[in-house]
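Asks: Below is a structure I'd like to ask you about.
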Amino acid sequence: MNKRLSTATLATLVSAALLAGGCANMDQYSNSQTGSVIGAVGGAVLGAAVSSKKDRTKGAIIGAVGGGLAGYAVGTYMDNQAKDFEKQLAPQIKSGAIELQRNADKSLTVVMTSSTAFDSSSAALKAGFLPTLDTISGIVRKYGKTTLDIEGHTDASGNERINQPLSEQRAAAVEQYLQAHGVQQERMQAIGYGASRPRADNKTEAGKQLNRRVEIHILPVVQ
């Protein structure tokens, strides 16, 4: 479907879809691109019509989490979540086992590297890192009006036929662990980037270790 359709056209299409489907099981959806349509119909069908796969997930999540945050409340909500991470994971942050980043758009990023989460060439979570993941899962359950983009990365060793699926498997391992510990699957998306997004020099072993990582990007669900 053309993402550049006018609001009026989208309203017509969504209304027809709702009538045909009996308006059953429709999630509430809201964003600035479709505001006038939302007031009348809303829902996951509209999200599918105007958004990418990632955005459709986030549109549908508004229903799954019982409504998004009002814009004015986002800063406080995400700041409180960051403080919980900093308090509960203080030893891990101090030791460098994980990193917590506060981003300009109010989102948070939790970074885990191969030195703590994965062995080289492996997507199996290290047993010693599981208590940290338990803490992370507890915090993101508490702050349920967020989505989690879980990104897997590798260093540049080997070729893309190896690196791409390995990065996907690392992201999936974290997603599956969090889901098994109570985080709604609808809130999460696992993505693999292979070696395409290095954060350090792949010419050094220290750099490679930093590049073998999983990042959890935590974004607020906004009405």
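Going by the structure tokens order, chains are called A, B, ..., each with residues numbered from 1, while ligands are numbered from 1 in the order shown.
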When DSSP is applied to the backbone of this structure, which of range 82-158 of chain A are assigned strand (DSSP E)? Write them out as a list in words.
Replies: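 Listing strand (DSSP E) positions across range 82-158 of chain A yields Ile98, Glu99, Leu100, Gln101, Arg102, Leu108, Thr109, Val110, Val111, Met112, Thr113, Thr146, Thr147, Leu148, Asp149, Ile150, Glu151, Gly152 and His153 of chain A.
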Asks: Set the distance at 7 Å and use only C-alpha atoms: which residues neighbour range 89-97 of chain A once local chain neighbours fewer than 4 positions away are removed? I'd like the list as a PDB file with N, CA and C atoms, in the first residue's frame.
Replies:
```
ATOM      1  N   PHE A  85      17.297   1.798  36.282  1.00  0.00           N
ATOM      2  CA  PHE A  85      18.429   1.068  35.697  1.00  0.00           C
ATOM      3  C   PHE A  85      19.727   1.421  36.423  1.00  0.00           C
ATOM      4  N   MET A 112      25.042  -4.480  25.795  1.00  0.00           N
ATOM      5  CA  MET A 112      25.795  -5.597  26.375  1.00  0.00           C
ATOM      6  C   MET A 112      26.781  -6.095  25.333  1.00  0.00           C
ATOM      7  N   THR A 116      30.545  -9.961  28.258  1.00  0.00           N
ATOM      8  CA  THR A 116      29.628 -10.289  29.347  1.00  0.00           C
ATOM      9  C   THR A 116      28.469 -11.164  28.902  1.00  0.00           C
TER      10      THR A 116
END
```
Asks: Residues of range 49-146 of chain A that approach range 176-190 of chain A to 7 Å or less, counting only C-alpha atoms: could you list each one with the shortest pair of atoms and its distance in Å to one decimal, rows by chain and increasing residue number, as CSV?
Replies:
```
residue,atom,partner,partner_atom,distance
A:Ile61,CA,A:Arg187,CA,6.4
A:Ser137,CA,A:Leu178,CA,5.7
A:Arg141,CA,A:Val183,CA,5.8
```
Asks: Keeping only all heavy atoms, take the residues you just selected and write them out as a short mmCIF file (atom, residue, chain, number, x, y, z; two decimals), in the first residue's frame.
Replies:
```cif
data_model
loop_
_atom_site.label_atom_id
_atom_site.label_comp_id
_atom_site.auth_asym_id
_atom_site.auth_seq_id
_atom_site.Cartn_x
_atom_site.Cartn_y
_atom_site.Cartn_z
N ILE A 61 0.88 -1.80 19.57
CA ILE A 61 1.23 -1.95 20.98
C ILE A 61 0.42 -1.02 21.86
O ILE A 61 0.25 -1.28 23.06
CB ILE A 61 2.75 -1.71 21.19
CG1 ILE A 61 3.20 -2.28 22.54
CG2 ILE A 61 3.09 -0.24 21.14
CD1 ILE A 61 3.03 -3.76 22.63
N SER A 137 14.72 -7.41 32.80
CA SER A 137 13.33 -7.79 32.53
C SER A 137 12.38 -7.23 33.57
O SER A 137 11.27 -6.78 33.25
CB SER A 137 13.20 -9.32 32.46
OG SER A 137 13.43 -9.92 33.72
N ARG A 141 9.38 -4.60 32.63
CA ARG A 141 8.00 -4.97 32.97
C ARG A 141 7.34 -3.86 33.76
O ARG A 141 6.15 -3.55 33.56
CB ARG A 141 7.96 -6.27 33.78
CG ARG A 141 8.27 -7.53 33.00
CD ARG A 141 7.77 -8.78 33.74
NE ARG A 141 8.16 -8.81 35.14
CZ ARG A 141 9.28 -9.35 35.59
NH1 ARG A 141 10.16 -9.88 34.75
NH2 ARG A 141 9.55 -9.36 36.88
#
```
Asks: For a quick check of understanding, using only C-alpha atoms, which of A:Thr132, A:Gln209, A:Ser196, A:Ser115 has the smallest distance to Val174 in chain A?
Replies: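 Distance minimum relative to Val174 in chain A lands on A:Thr132.
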Asks: What is the distance, in Å and to one decimal place, between CA of Pro220 in chain A and CA of Glu86 in chain A?
Replies: 18.0 Å
Asks: Here is a test: counting only C-alpha atoms, which residue of A:Val221, A:Ala206, A:Met78, A:Ala195 is nearest to Ser157 in chain A?
Replies: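 Nearest candidate to Ser157 in chain A out of A:Val221, A:Ala206, A:Met78, A:Ala195: A:Ala195.
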Asks: Kindly indicate which residue among A:Val65, A:Tyr193, A:Asn202, A:Asp84 lies nearest to Gly138 in chain A, using only C-alpha atoms for the distances.
Replies: A:Asp84
Asks: For Glu99 in chain A, which residue among A:Gly128, A:Val222, A:Ala200, A:Ile216 is the nearest when counting only C-alpha atoms?
Replies: A:Ile216
Asks: To test your reading of the structure, identify every residue in range 28-198 of chain A that backbone DSSP assigns to helix (DSSP H, G or I), and report it as a PyMOL selection string.
Replies: chain A and resi 32-40+44-50+53-64+71-88+90-95+127-142+160-180+185-187
Asks: Find the residues near Asn163 in chain A: any atom within 7 Å, counting only C-alpha atoms, skip ones fewer than 3 places away on the same chain, and give them as a ChimeraX atom specification.
Replies: /A:154,158-160,166-167,194-195
Asks: Those residues with N, CA and C atoms, as a PDB file, in the first residue's frame please?
Replies:
```pdb
ATOM      1  N   THR A 154      27.781  -8.066  15.171  1.00  0.00           N
ATOM      2  CA  THR A 154      28.992  -8.889  15.208  1.00  0.00           C
ATOM      3  C   THR A 154      30.197  -8.017  14.871  1.00  0.00           C
ATOM      4  N   GLY A 158      35.170 -13.105   9.589  1.00  0.00           N
ATOM      5  CA  GLY A 158      34.288 -13.953   8.807  1.00  0.00           C
ATOM      6  C   GLY A 158      33.579 -13.170   7.721  1.00  0.00           C
ATOM      7  N   ASN A 159      32.541 -13.767   7.150  1.00  0.00           N
ATOM      8  CA  ASN A 159      31.807 -13.095   6.077  1.00  0.00           C
ATOM      9  C   ASN A 159      30.356 -12.897   6.482  1.00  0.00           C
ATOM     10  N   GLU A 160      29.618 -12.191   5.641  1.00  0.00           N
ATOM     11  CA  GLU A 160      28.253 -11.818   5.985  1.00  0.00           C
ATOM     12  C   GLU A 160      27.319 -13.024   6.078  1.00  0.00           C
ATOM     13  N   LEU A 166      24.233 -14.805  12.696  1.00  0.00           N
ATOM     14  CA  LEU A 166      24.700 -14.795  14.080  1.00  0.00           C
ATOM     15  C   LEU A 166      24.145 -13.583  14.827  1.00  0.00           C
ATOM     16  N   SER A 167      24.146 -12.426  14.172  1.00  0.00           N
ATOM     17  CA  SER A 167      23.608 -11.224  14.817  1.00  0.00           C
ATOM     18  C   SER A 167      22.116 -11.382  15.090  1.00  0.00           C
ATOM     19  N   GLY A 194      24.416  -7.813  11.503  1.00  0.00           N
ATOM     20  CA  GLY A 194      25.706  -8.344  11.107  1.00  0.00           C
ATOM     21  C   GLY A 194      26.838  -7.457  11.594  1.00  0.00           C
ATOM     22  N   ALA A 195      27.807  -7.194  10.695  1.00  0.00           N
ATOM     23  CA  ALA A 195      28.952  -6.349  11.042  1.00  0.00           C
ATOM     24  C   ALA A 195      28.809  -4.932  10.487  1.00  0.00           C
TER      25      ALA A 195
END
```
Asks: Name the closest residue to Arg197 in chain A among the candidates A:Gln164, A:Gln223, A:Thr146, A:Gln169; distances are taken between atoms, counting only C-alpha atoms.
Replies: A:Gln164
Asks: Residues at most 10 Å from Val74 in chain A, counting only C-alpha atoms, excluding those fewer than 5 positions away in the same chain, as an NGL selection string?
Replies: :A and (68-69 or 79-80 or 105-107 or 145 or 219-222)
Asks: Just the selected residues (all heavy atoms), exported as a JSON list (two decimals), in the first residue's frame, please.
Replies:
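The result, written out as selection.json:
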```
[["chain", "number", "residue", "atom", "x", "y", "z"],
["A", 68, "GLY", "N", -1.03, 4.69, 25.30],
["A", 68, "GLY", "CA", 0.30, 5.25, 25.36],
["A", 68, "GLY", "C", 0.41, 6.39, 26.35],
["A", 68, "GLY", "O", -0.55, 6.75, 27.04],
["A", 69, "LEU", "N", 1.60, 6.97, 26.41],
["A", 69, "LEU", "CA", 1.88, 8.10, 27.29],
["A", 69, "LEU", "C", 1.47, 9.41, 26.63],
["A", 69, "LEU", "O", 1.64, 9.58, 25.43],
["A", 69, "LEU", "CB", 3.37, 8.16, 27.62],
["A", 69, "LEU", "CG", 3.95, 6.99, 28.40],
["A", 69, "LEU", "CD1", 5.47, 7.00, 28.27],
["A", 69, "LEU", "CD2", 3.54, 7.05, 29.86],
["A", 79, "ASP", "N", 12.80, 9.16, 32.44],
["A", 79, "ASP", "CA", 13.83, 9.53, 33.41],
["A", 79, "ASP", "C", 13.75, 8.62, 34.63],
["A", 79, "ASP", "O", 14.79, 8.17, 35.16],
["A", 79, "ASP", "CB", 13.66, 10.98, 33.82],
["A", 79, "ASP", "CG", 14.80, 11.47, 34.72],
["A", 79, "ASP", "OD1", 15.97, 11.37, 34.29],
["A", 79, "ASP", "OD2", 14.52, 11.95, 35.83],
["A", 80, "ASN", "N", 12.54, 8.33, 35.08],
["A", 80, "ASN", "CA", 12.37, 7.43, 36.22],
["A", 80, "ASN", "C", 12.88, 6.03, 35.88],
["A", 80, "ASN", "O", 13.49, 5.35, 36.72],
["A", 80, "ASN", "CB", 10.91, 7.37, 36.65],
["A", 80, "ASN", "CG", 10.45, 8.63, 37.34],
["A", 80, "ASN", "OD1", 11.27, 9.42, 37.85],
["A", 80, "ASN", "ND2", 9.16, 8.87, 37.38],
["A", 105, "ASP", "N", 16.18, 11.82, 22.26],
["A", 105, "ASP", "CA", 14.76, 11.65, 21.98],
["A", 105, "ASP", "C", 14.01, 11.02, 23.14],
["A", 105, "ASP", "O", 12.87, 10.57, 22.98],
["A", 105, "ASP", "CB", 14.54, 10.83, 20.71],
["A", 105, "ASP", "CG", 15.09, 9.41, 20.84],
["A", 105, "ASP", "OD1", 15.69, 9.09, 21.90],
["A", 105, "ASP", "OD2", 14.93, 8.63, 19.89],
["A", 106, "LYS", "N", 14.61, 10.98, 24.31],
["A", 106, "LYS", "CA", 14.05, 10.43, 25.55],
["A", 106, "LYS", "C", 14.12, 8.91, 25.62],
["A", 106, "LYS", "O", 13.74, 8.32, 26.63],
["A", 106, "LYS", "CB", 12.60, 10.89, 25.78],
["A", 106, "LYS", "CG", 12.37, 12.39, 25.73],
["A", 106, "LYS", "CD", 13.17, 13.12, 26.78],
["A", 106, "LYS", "CE", 12.87, 14.62, 26.74],
["A", 106, "LYS", "NZ", 13.70, 15.36, 27.73],
["A", 107, "SER", "N", 14.56, 8.25, 24.55],
["A", 107, "SER", "CA", 14.71, 6.80, 24.60],
["A", 107, "SER", "C", 15.95, 6.43, 25.41],
["A", 107, "SER", "O", 16.80, 7.28, 25.72],
["A", 107, "SER", "CB", 14.82, 6.23, 23.19],
["A", 107, "SER", "OG", 16.04, 6.63, 22.57],
["A", 145, "LYS", "N", 4.89, 0.83, 29.26],
["A", 145, "LYS", "CA", 4.49, 1.67, 28.13],
["A", 145, "LYS", "C", 5.70, 2.04, 27.27],
["A", 145, "LYS", "O", 5.96, 3.20, 26.97],
["A", 145, "LYS", "CB", 3.75, 2.92, 28.62],
["A", 145, "LYS", "CG", 2.42, 2.58, 29.30],
["A", 145, "LYS", "CD", 1.64, 3.81, 29.66],
["A", 145, "LYS", "CE", 0.38, 3.45, 30.44],
["A", 145, "LYS", "NZ", -0.56, 2.65, 29.63],
["A", 219, "LEU", "N", 11.98, 2.53, 23.83],
["A", 219, "LEU", "CA", 11.31, 3.74, 23.34],
["A", 219, "LEU", "C", 9.93, 3.88, 23.97],
["A", 219, "LEU", "O", 9.21, 2.90, 24.12],
["A", 219, "LEU", "CB", 11.17, 3.69, 21.80],
["A", 219, "LEU", "CG", 12.47, 3.58, 21.01],
["A", 219, "LEU", "CD1", 12.75, 2.12, 20.68],
["A", 219, "LEU", "CD2", 12.42, 4.40, 19.74],
["A", 220, "PRO", "N", 9.52, 5.10, 24.32],
["A", 220, "PRO", "CA", 8.20, 5.29, 24.91],
["A", 220, "PRO", "C", 7.10, 5.11, 23.86],
["A", 220, "PRO", "O", 7.27, 5.44, 22.69],
["A", 220, "PRO", "CB", 8.26, 6.74, 25.40],
["A", 220, "PRO", "CG", 9.25, 7.41, 24.49],
["A", 220, "PRO", "CD", 10.28, 6.37, 24.19],
["A", 221, "VAL", "N", 5.98, 4.57, 24.31],
["A", 221, "VAL", "CA", 4.77, 4.48, 23.48],
["A", 221, "VAL", "C", 3.96, 5.72, 23.75],
["A", 221, "VAL", "O", 3.46, 5.93, 24.84],
["A", 221, "VAL", "CB", 3.96, 3.21, 23.80],
["A", 221, "VAL", "CG1", 2.69, 3.17, 22.96],
["A", 221, "VAL", "CG2", 4.81, 1.96, 23.56],
["A", 222, "VAL", "N", 3.82, 6.57, 22.76],
["A", 222, "VAL", "CA", 3.20, 7.89, 22.93],
["A", 222, "VAL", "C", 1.85, 7.91, 22.26],
["A", 222, "VAL", "O", 1.69, 7.45, 21.11],
["A", 222, "VAL", "CB", 4.11, 8.99, 22.35],
["A", 222, "VAL", "CG1", 3.48, 10.37, 22.58],
["A", 222, "VAL", "CG2", 5.50, 8.93, 22.97]]
```
